[in-house]
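In what follows, a single structure is set out as structure tokens and then discussed.
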Amino acid sequence: MAFAKVAIESPLPQLDRLFDYSIPENLVEACQPGVRVLVPFGKGGNSQDGFVVSVSQTTEVEGQLAQIEQVISTVSVLPPSQYQLLRAIADRQAGTLSELTKLAVPKRSVRVEKAWLAAQAADQAQARPEPNEQVLSFRGRPDSYLGRSTLLAEPRHIDTRFAGISVAEDKTLSLQGWIAHFVAFSLEQLASGKSAVLVVPDFRDQNRLIAALAALGLQHSVASFNTEQTPSARYSAYLSCLGNQPVIVIGSRAAIYAPVANLGGIALWDDSDASLQEPTAPYLHTREIALLRQQQTSCNLLFAGHSRTAEVQRLVELGYLTDLTQPFAAPKIAVSDLGLRVDSMSYQAARAAFAAGGAVLVQVANTGHSSGTYCADCGTRSQCNSCNGPLFIDDKSQPRCRWCSALNLAVSCHSCGSPKLRQGTAGSTRTAAELGKSFPGVAVTEATWSHRVEQLKAGKRLVVATPGAEPVIDGGYAAVILLDGQRLLSKDTIRATEQAVAAWSNAISLLAPGGTAVGVGLASPLGQKFALWDQVAIAAQELAGRRELNFPPIFRLGTVTGPRQLVDQVVAQLDQIATKTGAIEVLGPLKLDQQPGKTTSPGLAGLAEPIWRYLVRFEYGVGDKLAQELKARVLLVNAGNKAINAKSGRASRAVRLKLDDSEVI
């Protein structure tokens, strides 16, 4: 008799454990760890989807066990290594396995699965090819990417030499510095017969990487995890990682879950990018998942960027990461004092670039005609009628919310009721129009996330772009002008400095050889360090500031949010579970400025309850124990309690728990 431990796919946290089932004789061969199954559950015996985690000949459960009803698919889509990773993430974040499987395991496509199984059968009939000793060499390449490391990529195109399988396949290419490192990192893993996982923030970086690998004839080794893929395409990419052939996985944050069995290394580009932070449960940054996976598999790990985050700097100072950065010439950057938004230094750099027939990139902070709107009568910042978010004037000259993107055509001031609006600082659309008038005869291009432009041909042109949306131009830009620097630095987040420096650095990396950059209004100590390209000093200073405040990454930070009576129960005497004084600190509570909802419970039935929040600051060493305790407490107080949203009327858990909550700082 065979038995299986099954993880039920259920959003209920009380079902976040393994259940024992007996395996019918006709399903023993097909019921292997990782396959999808259908099992009866509960008193009614309703069928539930699940994953087989393990199979054994014995069970510790006494009495009659229910039988597995059906093996949905014989493909092991949740192999043991993948389950261990997802289980570790769920435990770290006080979440459930079901939350992770929804993110990590794509929905099944029968057509794609049949084609993959047929291809696997054909591959097994052939001998596995030997690993190829292909190498990409270039200036600044480290001897090896073995171990846990980080590096600052050279912010320009560099000449590379590719030594292929044969002399006829050798090539010379000019690649961006970071792309050269990622290709070389991948080739090093393939040479040892293992796979590589390359995680980048968005589709632009992904397309550039794929194009570079295709130019070297390695496109057949690539598995693309694109956020814009159809479900069937994503499932196909997922299945391609389950085979025995080494692959190069390229994608955004979903790629970190790629189920490669022979993982050789993980490389993560620009971990300062907010898109690498998971916005839903488990609310964890891709960088932390990469660290967890490296600990489990002992694979190689590389964090790279043009700048450096405080989190990576902390790991370098602890000796956990080795800095592989090789010396390179700093780009030419001039900074000016605060004054005009576009000053004379910027105009001079643009004129010189256009006179030489080159292109100019102007980076601005916000999209649209105006970065914000204000009441023309009283000066109050305009707010969205739906979510109270800030309004701006979009590229169609309509007031739109920057938070929820809702149109506010009949907007009026929340303070005085006036319908008159006054525009704030110019956004990308107005900046492009104004600069276009200053340089007649020059082609003007606006690039934003709503108006995508990836690649441009060389020539005399003016490009106005928001951070992260800057297109690559053949040969590079003759000049890069950074506007709205103080606006980027004044964002309401503790990460404003590192995000601004990353945005500036990525824009400057698009400069042509001999090109110049101008940082308008950046003549400050930070601006001086940036002009000298002293990225390590900037990161070290940022980390020192976090250390003084005991903010992440020095400590971890979680939030407990809900009605006051319930959150008080969750955090009561919480610090006493730690043996070391100060290892856990509860801060608050803070009453949130949002419309109260109704809480249904025996003690709070039908009452409109204000929403309160506690902050829990804790050391890394007590994280596992604290997560387990908080998960149990939240599960207890949520039993029988529901929060009814005041606007939508939807029911949800009365108390919400987030560990590593990035929104509060």
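Residue numbers start at 1 in each chain; chains themselves are named A, B, ... in the order of the structure tokens; ligands are numbered from 1 in the order shown.
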
Test item: residues at most 12 Å from Asp337 of chain A, only C-alpha atoms, excluding those fewer than 5 positions along its chain, as a list of chain:residue names: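 The contact residues come out as A:Val342, A:Asp343, A:Ser344, A:Met345, A:Ser346, A:Leu483, A:Gly485, A:Gln486, A:Val518, A:Gly519, A:Val520, A:Gly521, A:Leu522, A:Ala523, A:Ser524, A:Pro525, A:Gly527, A:Gln528.
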
Distance query Ser412 of chain A at most 12 Å, only C-alpha atoms, self and fewer than 4 positions along chain excluded, as a PyMOL selection string: chain A and resi 373-378+380-385+388+391+399+408+416-422

Atomic distance atom CA of Phe303 of chain A - atom CA of Gly621 of chain A, expressed in Å with one decimal: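 Result for atom CA of Phe303 of chain A versus atom CA of Gly621 of chain A: 23.1 Å, one decimal.
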
Selection near segment 183-191 of chain A, 8 Å with only C-alpha atoms, sequence-local residues under 5 positions removed, as a ChimeraX atom specification: /A:131-137,144-145,196,209,212-213,246-248,264-265,267

Could you save the residues just selected, with all heavy atoms, as a compact mmCIF listing (two decimals), in the first residue's frame?
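Output file result.txt is given in full below:
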# COMPACT_ATOMS: atom_id res chain seq x y z
N PRO A 131 28.81 19.48 -22.35
CA PRO A 131 28.83 20.94 -22.14
C PRO A 131 29.84 21.60 -23.07
O PRO A 131 30.91 21.05 -23.34
CB PRO A 131 29.23 21.08 -20.67
CG PRO A 131 28.87 19.77 -20.04
CD PRO A 131 29.06 18.74 -21.11
N ASN A 132 29.48 22.77 -23.57
CA ASN A 132 30.35 23.51 -24.49
C ASN A 132 31.16 24.56 -23.74
O ASN A 132 30.61 25.32 -22.94
CB ASN A 132 29.51 24.18 -25.57
CG ASN A 132 28.77 23.18 -26.44
OD1 ASN A 132 29.33 22.16 -26.82
ND2 ASN A 132 27.51 23.46 -26.73
N GLU A 133 32.44 24.61 -24.02
CA GLU A 133 33.32 25.58 -23.38
C GLU A 133 33.29 26.90 -24.14
O GLU A 133 34.28 27.33 -24.72
CB GLU A 133 34.75 25.02 -23.29
CG GLU A 133 34.89 23.80 -22.42
CD GLU A 133 34.70 24.12 -20.94
OE1 GLU A 133 34.85 25.30 -20.56
OE2 GLU A 133 34.40 23.20 -20.17
N GLN A 134 32.14 27.56 -24.16
CA GLN A 134 32.01 28.86 -24.82
C GLN A 134 32.30 29.96 -23.81
O GLN A 134 31.82 29.91 -22.67
CB GLN A 134 30.61 29.01 -25.40
CG GLN A 134 30.28 27.97 -26.48
CD GLN A 134 28.80 27.92 -26.77
OE1 GLN A 134 27.99 27.83 -25.87
NE2 GLN A 134 28.45 27.99 -28.04
N VAL A 135 33.06 30.97 -24.23
CA VAL A 135 33.51 32.01 -23.31
C VAL A 135 33.29 33.38 -23.95
O VAL A 135 33.52 33.55 -25.15
CB VAL A 135 35.00 31.82 -22.94
CG1 VAL A 135 35.47 32.96 -22.03
CG2 VAL A 135 35.22 30.48 -22.26
N LEU A 136 32.86 34.33 -23.15
CA LEU A 136 32.77 35.73 -23.57
C LEU A 136 33.80 36.51 -22.77
O LEU A 136 33.72 36.58 -21.53
CB LEU A 136 31.37 36.29 -23.34
CG LEU A 136 31.13 37.69 -23.90
CD1 LEU A 136 30.99 37.62 -25.42
CD2 LEU A 136 29.88 38.32 -23.30
N SER A 137 34.77 37.10 -23.44
CA SER A 137 35.82 37.85 -22.76
C SER A 137 35.69 39.33 -23.09
O SER A 137 35.30 39.71 -24.20
CB SER A 137 37.20 37.34 -23.17
OG SER A 137 37.35 37.38 -24.57
N SER A 144 36.23 34.58 -12.57
CA SER A 144 35.15 33.62 -12.41
C SER A 144 34.02 34.27 -11.63
O SER A 144 34.23 35.23 -10.87
CB SER A 144 35.64 32.36 -11.66
OG SER A 144 34.56 31.49 -11.39
N TYR A 145 32.79 33.75 -11.84
CA TYR A 145 31.63 34.23 -11.10
C TYR A 145 31.21 33.25 -10.01
O TYR A 145 30.07 33.27 -9.55
CB TYR A 145 30.45 34.46 -12.06
CG TYR A 145 30.68 35.53 -13.08
CD1 TYR A 145 31.17 35.22 -14.35
CD2 TYR A 145 30.41 36.87 -12.79
CE1 TYR A 145 31.37 36.21 -15.30
CE2 TYR A 145 30.62 37.87 -13.74
CZ TYR A 145 31.10 37.52 -14.99
OH TYR A 145 31.31 38.50 -15.93
N ALA A 196 21.20 28.63 -15.74
CA ALA A 196 21.33 29.95 -15.14
C ALA A 196 19.97 30.63 -15.13
O ALA A 196 19.20 30.50 -16.07
CB ALA A 196 22.33 30.80 -15.92
N LEU A 209 18.76 41.39 -23.33
CA LEU A 209 19.52 40.18 -23.01
C LEU A 209 19.29 39.09 -24.04
O LEU A 209 20.23 38.43 -24.50
CB LEU A 209 19.12 39.68 -21.62
CG LEU A 209 20.05 39.98 -20.45
CD1 LEU A 209 19.50 39.39 -19.17
CD2 LEU A 209 21.44 39.43 -20.71
N ALA A 212 21.09 39.80 -27.24
CA ALA A 212 22.53 39.55 -27.15
C ALA A 212 22.84 38.05 -27.24
O ALA A 212 23.78 37.64 -27.93
CB ALA A 212 23.07 40.12 -25.83
N LEU A 213 22.04 37.22 -26.58
CA LEU A 213 22.25 35.78 -26.64
C LEU A 213 21.94 35.24 -28.03
O LEU A 213 22.62 34.32 -28.53
CB LEU A 213 21.38 35.08 -25.59
CG LEU A 213 21.80 35.31 -24.13
CD1 LEU A 213 20.72 34.84 -23.18
CD2 LEU A 213 23.11 34.57 -23.84
N PRO A 246 20.46 21.91 -19.83
CA PRO A 246 20.68 23.22 -19.18
C PRO A 246 20.04 24.34 -19.99
O PRO A 246 20.07 24.33 -21.22
CB PRO A 246 22.20 23.36 -19.13
CG PRO A 246 22.70 22.44 -20.20
CD PRO A 246 21.73 21.31 -20.29
N VAL A 247 19.43 25.30 -19.30
CA VAL A 247 18.75 26.41 -19.96
C VAL A 247 19.20 27.72 -19.33
O VAL A 247 19.74 27.75 -18.22
CB VAL A 247 17.21 26.28 -19.85
CG1 VAL A 247 16.72 25.07 -20.60
CG2 VAL A 247 16.78 26.23 -18.39
N ILE A 248 18.94 28.80 -20.06
CA ILE A 248 19.16 30.15 -19.53
C ILE A 248 17.79 30.78 -19.34
O ILE A 248 17.11 31.11 -20.32
CB ILE A 248 20.02 31.01 -20.48
CG1 ILE A 248 21.36 30.34 -20.75
CG2 ILE A 248 20.24 32.40 -19.89
CD1 ILE A 248 22.20 31.07 -21.80
N GLY A 264 22.79 26.27 -11.75
CA GLY A 264 24.19 26.63 -11.57
C GLY A 264 24.38 27.99 -10.95
O GLY A 264 25.30 28.20 -10.16
N GLY A 265 23.49 28.96 -11.29
CA GLY A 265 23.66 30.29 -10.73
C GLY A 265 22.45 31.17 -10.96
O GLY A 265 21.67 30.96 -11.89
N ALA A 267 21.52 35.34 -11.29
CA ALA A 267 22.02 36.70 -11.44
C ALA A 267 20.84 37.66 -11.43
O ALA A 267 19.85 37.43 -12.13
CB ALA A 267 22.81 36.84 -12.74

Point-to-point distance in Å for atom CA of Ile473 of chain A and atom CA of Glu454 of chain A: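 Value for the atom CA of Glu454 of chain A-atom CA of Ile473 of chain A distance: 8.5 Å.
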
Which of segment 200-306 of chain A fall in helix (DSSP H, G or I), as number ranges by chain: A: 203-215, 219-221, 231-240, 253-257, 274-276, 286-297

Next, write the just-selected residues to a file, as a PDB file, in the first residue's frame, keeping C-alpha atoms as the atom set.
ATOM      1  CA  PHE A 203      10.672  43.613 -20.626  1.00  0.00           C
ATOM      2  CA  ARG A 204      13.193  46.146 -21.992  1.00  0.00           C
ATOM      3  CA  ASP A 205      16.121  44.610 -20.147  1.00  0.00           C
ATOM      4  CA  GLN A 206      14.826  41.150 -20.975  1.00  0.00           C
ATOM      5  CA  ASN A 207      14.626  41.874 -24.701  1.00  0.00           C
ATOM      6  CA  ARG A 208      18.161  43.291 -24.706  1.00  0.00           C
ATOM      7  CA  LEU A 209      19.521  40.185 -23.005  1.00  0.00           C
ATOM      8  CA  ILE A 210      17.686  37.837 -25.353  1.00  0.00           C
ATOM      9  CA  ALA A 211      18.933  39.809 -28.370  1.00  0.00           C
ATOM     10  CA  ALA A 212      22.533  39.547 -27.145  1.00  0.00           C
ATOM     11  CA  LEU A 213      22.253  35.779 -26.642  1.00  0.00           C
ATOM     12  CA  ALA A 214      20.595  35.392 -30.042  1.00  0.00           C
ATOM     13  CA  ALA A 215      23.478  37.272 -31.652  1.00  0.00           C
ATOM     14  CA  GLN A 219      18.627  31.596 -28.522  1.00  0.00           C
ATOM     15  CA  HIS A 220      17.665  27.906 -28.372  1.00  0.00           C
ATOM     16  CA  SER A 221      18.973  27.712 -24.805  1.00  0.00           C
ATOM     17  CA  PRO A 231      -0.766  31.608 -20.008  1.00  0.00           C
ATOM     18  CA  SER A 232       0.123  28.865 -22.485  1.00  0.00           C
ATOM     19  CA  ALA A 233       3.443  30.523 -23.372  1.00  0.00           C
ATOM     20  CA  ARG A 234       4.340  30.864 -19.710  1.00  0.00           C
ATOM     21  CA  TYR A 235       3.462  27.211 -19.074  1.00  0.00           C
ATOM     22  CA  SER A 236       5.639  26.220 -22.031  1.00  0.00           C
ATOM     23  CA  ALA A 237       8.570  28.188 -20.597  1.00  0.00           C
ATOM     24  CA  TYR A 238       7.951  26.614 -17.186  1.00  0.00           C
ATOM     25  CA  LEU A 239       7.988  23.087 -18.622  1.00  0.00           C
ATOM     26  CA  SER A 240      11.189  23.781 -20.550  1.00  0.00           C
ATOM     27  CA  ARG A 253      10.416  38.536 -10.761  1.00  0.00           C
ATOM     28  CA  ALA A 254       8.486  35.387 -11.858  1.00  0.00           C
ATOM     29  CA  ALA A 255      11.729  33.935 -13.254  1.00  0.00           C
ATOM     30  CA  ILE A 256      13.157  33.449  -9.769  1.00  0.00           C
ATOM     31  CA  TYR A 257      10.706  30.534  -9.344  1.00  0.00           C
ATOM     32  CA  ALA A 274      10.487  48.705  -7.400  1.00  0.00           C
ATOM     33  CA  SER A 275       9.095  46.203  -9.917  1.00  0.00           C
ATOM     34  CA  LEU A 276      11.155  43.459  -8.248  1.00  0.00           C
ATOM     35  CA  THR A 286      13.112  39.022  -5.495  1.00  0.00           C
ATOM     36  CA  ARG A 287      16.530  39.650  -3.962  1.00  0.00           C
ATOM     37  CA  GLU A 288      15.498  37.868  -0.753  1.00  0.00           C
ATOM     38  CA  ILE A 289      14.080  34.911  -2.699  1.00  0.00           C
ATOM     39  CA  ALA A 290      17.368  34.652  -4.584  1.00  0.00           C
ATOM     40  CA  LEU A 291      19.232  34.559  -1.273  1.00  0.00           C
ATOM     41  CA  LEU A 292      16.916  31.835   0.059  1.00  0.00           C
ATOM     42  CA  ARG A 293      17.333  29.749  -3.070  1.00  0.00           C
ATOM     43  CA  GLN A 294      21.091  30.118  -3.006  1.00  0.00           C
ATOM     44  CA  GLN A 295      21.174  28.913   0.599  1.00  0.00           C
ATOM     45  CA  GLN A 296      19.157  25.823  -0.337  1.00  0.00           C
ATOM     46  CA  THR A 297      21.058  24.913  -3.515  1.00  0.00           C
TER      47      THR A 297
END

Spatial neighbours of Val316 of chain A, max dist 12 Å, only C-alpha atoms, sep filter under 2 positions, as number ranges by chain: A: 148-151, 303, 308-314, 318-325, 536, 539-540, 543

Using N, CA, C and O atoms, can you write the selected residues to a file as an mmCIF file, in the first residue's frame?
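Below is the file result_30.cif, written as the result:
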data_model
loop_
_atom_site.group_PDB
_atom_site.id
_atom_site.type_symbol
_atom_site.label_atom_id
_atom_site.label_comp_id
_atom_site.auth_asym_id
_atom_site.auth_seq_id
_atom_site.Cartn_x
_atom_site.Cartn_y
_atom_site.Cartn_z
ATOM 1 N N ARG A 148 29.167 33.696 -3.991
ATOM 2 C CA ARG A 148 28.199 34.788 -3.805
ATOM 3 C C ARG A 148 28.922 36.105 -4.033
ATOM 4 O O ARG A 148 29.889 36.419 -3.330
ATOM 5 N N SER A 149 28.454 36.886 -5.001
ATOM 6 C CA SER A 149 29.208 38.079 -5.379
ATOM 7 C C SER A 149 28.276 39.201 -5.816
ATOM 8 O O SER A 149 27.080 39.015 -6.022
ATOM 9 N N THR A 150 28.871 40.379 -5.956
ATOM 10 C CA THR A 150 28.183 41.544 -6.490
ATOM 11 C C THR A 150 29.191 42.348 -7.293
ATOM 12 O O THR A 150 30.414 42.195 -7.118
ATOM 13 N N LEU A 151 28.687 43.187 -8.176
ATOM 14 C CA LEU A 151 29.585 44.049 -8.941
ATOM 15 C C LEU A 151 28.828 45.262 -9.454
ATOM 16 O O LEU A 151 27.607 45.242 -9.617
ATOM 17 N N PHE A 303 24.646 39.726 -7.737
ATOM 18 C CA PHE A 303 23.829 40.934 -7.737
ATOM 19 C C PHE A 303 24.630 42.015 -8.466
ATOM 20 O O PHE A 303 25.743 42.336 -8.049
ATOM 21 N N ARG A 308 24.213 50.756 -6.186
ATOM 22 C CA ARG A 308 24.138 49.690 -5.182
ATOM 23 C C ARG A 308 23.124 50.062 -4.116
ATOM 24 O O ARG A 308 23.076 51.200 -3.647
ATOM 25 N N THR A 309 22.310 49.099 -3.727
ATOM 26 C CA THR A 309 21.319 49.326 -2.678
ATOM 27 C C THR A 309 21.948 49.139 -1.302
ATOM 28 O O THR A 309 23.022 48.536 -1.152
ATOM 29 N N ALA A 310 21.248 49.643 -0.298
ATOM 30 C CA ALA A 310 21.720 49.479 1.082
ATOM 31 C C ALA A 310 21.727 48.015 1.476
ATOM 32 O O ALA A 310 22.586 47.579 2.260
ATOM 33 N N GLU A 311 20.779 47.227 0.960
ATOM 34 C CA GLU A 311 20.722 45.800 1.291
ATOM 35 C C GLU A 311 21.964 45.068 0.797
ATOM 36 O O GLU A 311 22.553 44.255 1.523
ATOM 37 N N VAL A 312 22.367 45.347 -0.442
ATOM 38 C CA VAL A 312 23.561 44.694 -0.984
ATOM 39 C C VAL A 312 24.813 45.200 -0.278
ATOM 40 O O VAL A 312 25.730 44.419 0.026
ATOM 41 N N GLN A 313 24.857 46.497 0.028
ATOM 42 C CA GLN A 313 26.012 47.050 0.727
ATOM 43 C C GLN A 313 26.168 46.405 2.098
ATOM 44 O O GLN A 313 27.297 46.122 2.534
ATOM 45 N N ARG A 314 25.067 46.144 2.772
ATOM 46 C CA ARG A 314 25.127 45.474 4.086
ATOM 47 C C ARG A 314 25.735 44.081 3.953
ATOM 48 O O ARG A 314 26.583 43.682 4.769
ATOM 49 N N LEU A 318 29.202 42.725 5.621
ATOM 50 C CA LEU A 318 29.198 41.535 6.472
ATOM 51 C C LEU A 318 30.139 40.452 5.946
ATOM 52 O O LEU A 318 30.404 39.465 6.639
ATOM 53 N N GLY A 319 30.605 40.615 4.712
ATOM 54 C CA GLY A 319 31.459 39.600 4.108
ATOM 55 C C GLY A 319 30.687 38.475 3.458
ATOM 56 O O GLY A 319 31.276 37.479 3.024
ATOM 57 N N TYR A 320 29.367 38.607 3.361
ATOM 58 C CA TYR A 320 28.545 37.559 2.760
ATOM 59 C C TYR A 320 28.660 37.578 1.243
ATOM 60 O O TYR A 320 28.587 36.529 0.600
ATOM 61 N N LEU A 321 28.846 38.772 0.666
ATOM 62 C CA LEU A 321 29.038 38.915 -0.774
ATOM 63 C C LEU A 321 30.448 39.411 -1.061
ATOM 64 O O LEU A 321 30.982 40.237 -0.316
ATOM 65 N N THR A 322 31.025 38.931 -2.132
ATOM 66 C CA THR A 322 32.341 39.377 -2.584
ATOM 67 C C THR A 322 32.157 40.398 -3.705
ATOM 68 O O THR A 322 31.396 40.158 -4.650
ATOM 69 N N ASP A 323 32.846 41.517 -3.598
ATOM 70 C CA ASP A 323 32.746 42.571 -4.614
ATOM 71 C C ASP A 323 33.710 42.248 -5.759
ATOM 72 O O ASP A 323 34.930 42.246 -5.576
ATOM 73 N N LEU A 324 33.158 41.980 -6.950
ATOM 74 C CA LEU A 324 33.965 41.641 -8.120
ATOM 75 C C LEU A 324 34.196 42.828 -9.043
ATOM 76 O O LEU A 324 34.716 42.660 -10.144
ATOM 77 N N THR A 325 33.826 44.032 -8.621
ATOM 78 C CA THR A 325 33.935 45.207 -9.475
ATOM 79 C C THR A 325 35.389 45.465 -9.867
ATOM 80 O O THR A 325 36.280 45.503 -9.012
ATOM 81 N N VAL A 536 29.865 53.244 -4.329
ATOM 82 C CA VAL A 536 30.065 52.529 -3.069
ATOM 83 C C VAL A 536 29.901 53.485 -1.890
ATOM 84 O O VAL A 536 29.266 53.152 -0.881
ATOM 85 N N ALA A 539 26.200 54.230 -1.347
ATOM 86 C CA ALA A 539 25.511 53.109 -0.701
ATOM 87 C C ALA A 539 25.906 52.985 0.762
ATOM 88 O O ALA A 539 25.063 52.711 1.626
ATOM 89 N N ALA A 540 27.196 53.191 1.061
ATOM 90 C CA ALA A 540 27.656 53.098 2.449
ATOM 91 C C ALA A 540 27.036 54.189 3.307
ATOM 92 O O ALA A 540 26.661 53.956 4.466
ATOM 93 N N LEU A 543 23.404 53.265 3.949
ATOM 94 C CA LEU A 543 23.310 52.207 4.957
ATOM 95 C C LEU A 543 23.582 52.758 6.347
ATOM 96 O O LEU A 543 22.917 52.362 7.319
#

DSSP strand (DSSP E) selection over segment 409-573 of chain A, as a ChimeraX atom specification: /A:421-423,443-447,455-456,461-465,472-473,477-482,511-519,556-563

Output N, CA and C atoms for every residue in that selection, as a short mmCIF file (atom, residue, chain, number, x, y, z; two decimals), in the first residue's frame.
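In the end it all went to again34.cif:
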data_model
loop_
_atom_site.label_atom_id
_atom_site.label_comp_id
_atom_site.auth_asym_id
_atom_site.auth_seq_id
_atom_site.Cartn_x
_atom_site.Cartn_y
_atom_site.Cartn_z
N LEU A 421 -8.47 74.43 -11.90
CA LEU A 421 -7.20 73.75 -11.64
C LEU A 421 -6.03 74.58 -12.13
N ARG A 422 -4.92 74.44 -11.43
CA ARG A 422 -3.66 75.06 -11.83
C ARG A 422 -2.61 73.96 -11.96
N GLN A 423 -1.90 73.96 -13.07
CA GLN A 423 -0.92 72.91 -13.31
C GLN A 423 0.37 73.16 -12.53
N ALA A 443 14.15 66.22 -34.39
CA ALA A 443 13.07 65.28 -34.14
C ALA A 443 12.92 65.05 -32.64
N VAL A 444 11.69 65.07 -32.15
CA VAL A 444 11.41 64.92 -30.72
C VAL A 444 10.65 63.62 -30.48
N THR A 445 11.10 62.84 -29.51
CA THR A 445 10.46 61.58 -29.14
C THR A 445 10.17 61.58 -27.65
N GLU A 446 8.97 61.21 -27.29
CA GLU A 446 8.60 61.06 -25.88
C GLU A 446 8.49 59.57 -25.56
N ALA A 447 9.14 59.12 -24.50
CA ALA A 447 9.12 57.71 -24.11
C ALA A 447 8.69 57.60 -22.66
N GLN A 455 13.95 51.07 -29.00
CA GLN A 455 15.17 51.25 -29.80
C GLN A 455 14.98 52.37 -30.80
N LEU A 456 16.01 53.20 -30.99
CA LEU A 456 15.98 54.29 -31.95
C LEU A 456 17.24 54.25 -32.81
N ARG A 461 18.40 63.86 -32.67
CA ARG A 461 17.05 63.76 -32.14
C ARG A 461 17.06 64.05 -30.64
N LEU A 462 15.92 64.55 -30.16
CA LEU A 462 15.73 64.86 -28.74
C LEU A 462 14.75 63.83 -28.16
N VAL A 463 15.17 63.13 -27.11
CA VAL A 463 14.34 62.11 -26.48
C VAL A 463 14.04 62.55 -25.05
N VAL A 464 12.77 62.67 -24.73
CA VAL A 464 12.33 62.99 -23.36
C VAL A 464 11.70 61.74 -22.78
N ALA A 465 12.23 61.26 -21.67
CA ALA A 465 11.78 59.98 -21.12
C ALA A 465 11.68 60.04 -19.61
N VAL A 472 17.08 52.77 -25.98
CA VAL A 472 18.47 52.65 -26.40
C VAL A 472 18.58 53.19 -27.82
N ILE A 473 19.64 53.93 -28.08
CA ILE A 473 19.85 54.48 -29.42
C ILE A 473 21.17 53.95 -29.97
N TYR A 477 23.86 58.06 -26.74
CA TYR A 477 23.49 59.48 -26.74
C TYR A 477 24.73 60.35 -26.59
N ALA A 478 24.74 61.46 -27.32
CA ALA A 478 25.85 62.40 -27.20
C ALA A 478 25.78 63.17 -25.90
N ALA A 479 24.57 63.34 -25.36
CA ALA A 479 24.40 64.04 -24.10
C ALA A 479 23.19 63.47 -23.36
N VAL A 480 23.29 63.42 -22.04
CA VAL A 480 22.17 63.01 -21.18
C VAL A 480 21.96 64.13 -20.17
N ILE A 481 20.73 64.63 -20.10
CA ILE A 481 20.38 65.72 -19.18
C ILE A 481 19.38 65.19 -18.16
N LEU A 482 19.72 65.31 -16.89
CA LEU A 482 18.88 64.81 -15.80
C LEU A 482 18.14 65.98 -15.17
N LEU A 511 25.02 56.69 -22.52
CA LEU A 511 25.88 57.66 -23.20
C LEU A 511 26.77 57.01 -24.25
N ALA A 512 27.04 57.76 -25.31
CA ALA A 512 28.02 57.32 -26.30
C ALA A 512 29.43 57.54 -25.75
N PRO A 513 30.43 56.86 -26.29
CA PRO A 513 31.81 57.13 -25.87
C PRO A 513 32.15 58.61 -26.08
N GLY A 514 32.62 59.26 -25.05
CA GLY A 514 32.93 60.68 -25.14
C GLY A 514 31.75 61.58 -24.87
N GLY A 515 30.57 61.01 -24.60
CA GLY A 515 29.40 61.81 -24.31
C GLY A 515 29.47 62.45 -22.94
N THR A 516 28.64 63.47 -22.73
CA THR A 516 28.63 64.18 -21.44
C THR A 516 27.23 64.14 -20.84
N ALA A 517 27.17 64.25 -19.52
CA ALA A 517 25.90 64.26 -18.80
C ALA A 517 25.83 65.49 -17.92
N VAL A 518 24.62 66.00 -17.71
CA VAL A 518 24.40 67.17 -16.87
C VAL A 518 23.32 66.82 -15.86
N GLY A 519 23.63 66.99 -14.58
CA GLY A 519 22.65 66.81 -13.52
C GLY A 519 22.20 68.18 -13.03
N ARG A 556 14.44 43.97 10.25
CA ARG A 556 13.27 43.71 9.42
C ARG A 556 12.06 44.43 10.01
N LEU A 557 11.08 44.71 9.17
CA LEU A 557 9.94 45.50 9.60
C LEU A 557 8.66 44.88 9.07
N GLY A 558 7.71 44.61 9.97
CA GLY A 558 6.42 44.07 9.59
C GLY A 558 5.30 44.95 10.10
N THR A 559 4.10 44.73 9.57
CA THR A 559 2.93 45.51 9.99
C THR A 559 1.77 44.57 10.32
N VAL A 560 1.00 44.98 11.32
CA VAL A 560 -0.24 44.30 11.69
C VAL A 560 -1.34 45.35 11.61
N THR A 561 -2.31 45.15 10.73
CA THR A 561 -3.32 46.16 10.43
C THR A 561 -4.71 45.61 10.63
N GLY A 562 -5.59 46.40 11.28
CA GLY A 562 -6.97 45.98 11.48
C GLY A 562 -7.64 46.79 12.58
N PRO A 563 -8.84 46.37 13.04
CA PRO A 563 -9.52 47.04 14.15
C PRO A 563 -8.67 47.01 15.41
#

Atom pair atom CA of His157 of chain A / atom CA of Arg139 of chain A: separation (Å):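 So the two atoms, atom CA of His157 of chain A and atom CA of Arg139 of chain A, lie 10.9 Å apart.
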
Shell of 7 Å around Glu69 of chain A, only C-alpha atoms, local chain residues under 2 positions omitted, as a PyMOL selection string: chain A and resi 38-39+67

Residue subset to file, keeping N, CA, C and O atoms, as a compact mmCIF listing (two decimals), in the first residue's frame:
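Written output follows (out-v8.txt):
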# COMPACT_ATOMS: atom_id res chain seq x y z
N LEU A 38 -6.30 15.29 -7.81
CA LEU A 38 -7.62 15.66 -7.33
C LEU A 38 -7.94 14.76 -6.16
O LEU A 38 -7.85 13.53 -6.27
N VAL A 39 -8.27 15.35 -5.01
CA VAL A 39 -8.50 14.57 -3.79
C VAL A 39 -9.81 14.99 -3.14
O VAL A 39 -10.24 16.14 -3.26
N GLN A 67 -8.80 8.16 -0.44
CA GLN A 67 -7.94 7.85 -1.58
C GLN A 67 -7.86 9.04 -2.55
O GLN A 67 -8.81 9.81 -2.69

Residues near segment 629-631 of chain A, cut-off 12 Å, only C-alpha atoms, skip fewer than 6 positions along chain, as a PyMOL selection string: chain A and resi 13-14+16+90-96+558-560+567+569-578+616+622-623+637-638+655-659
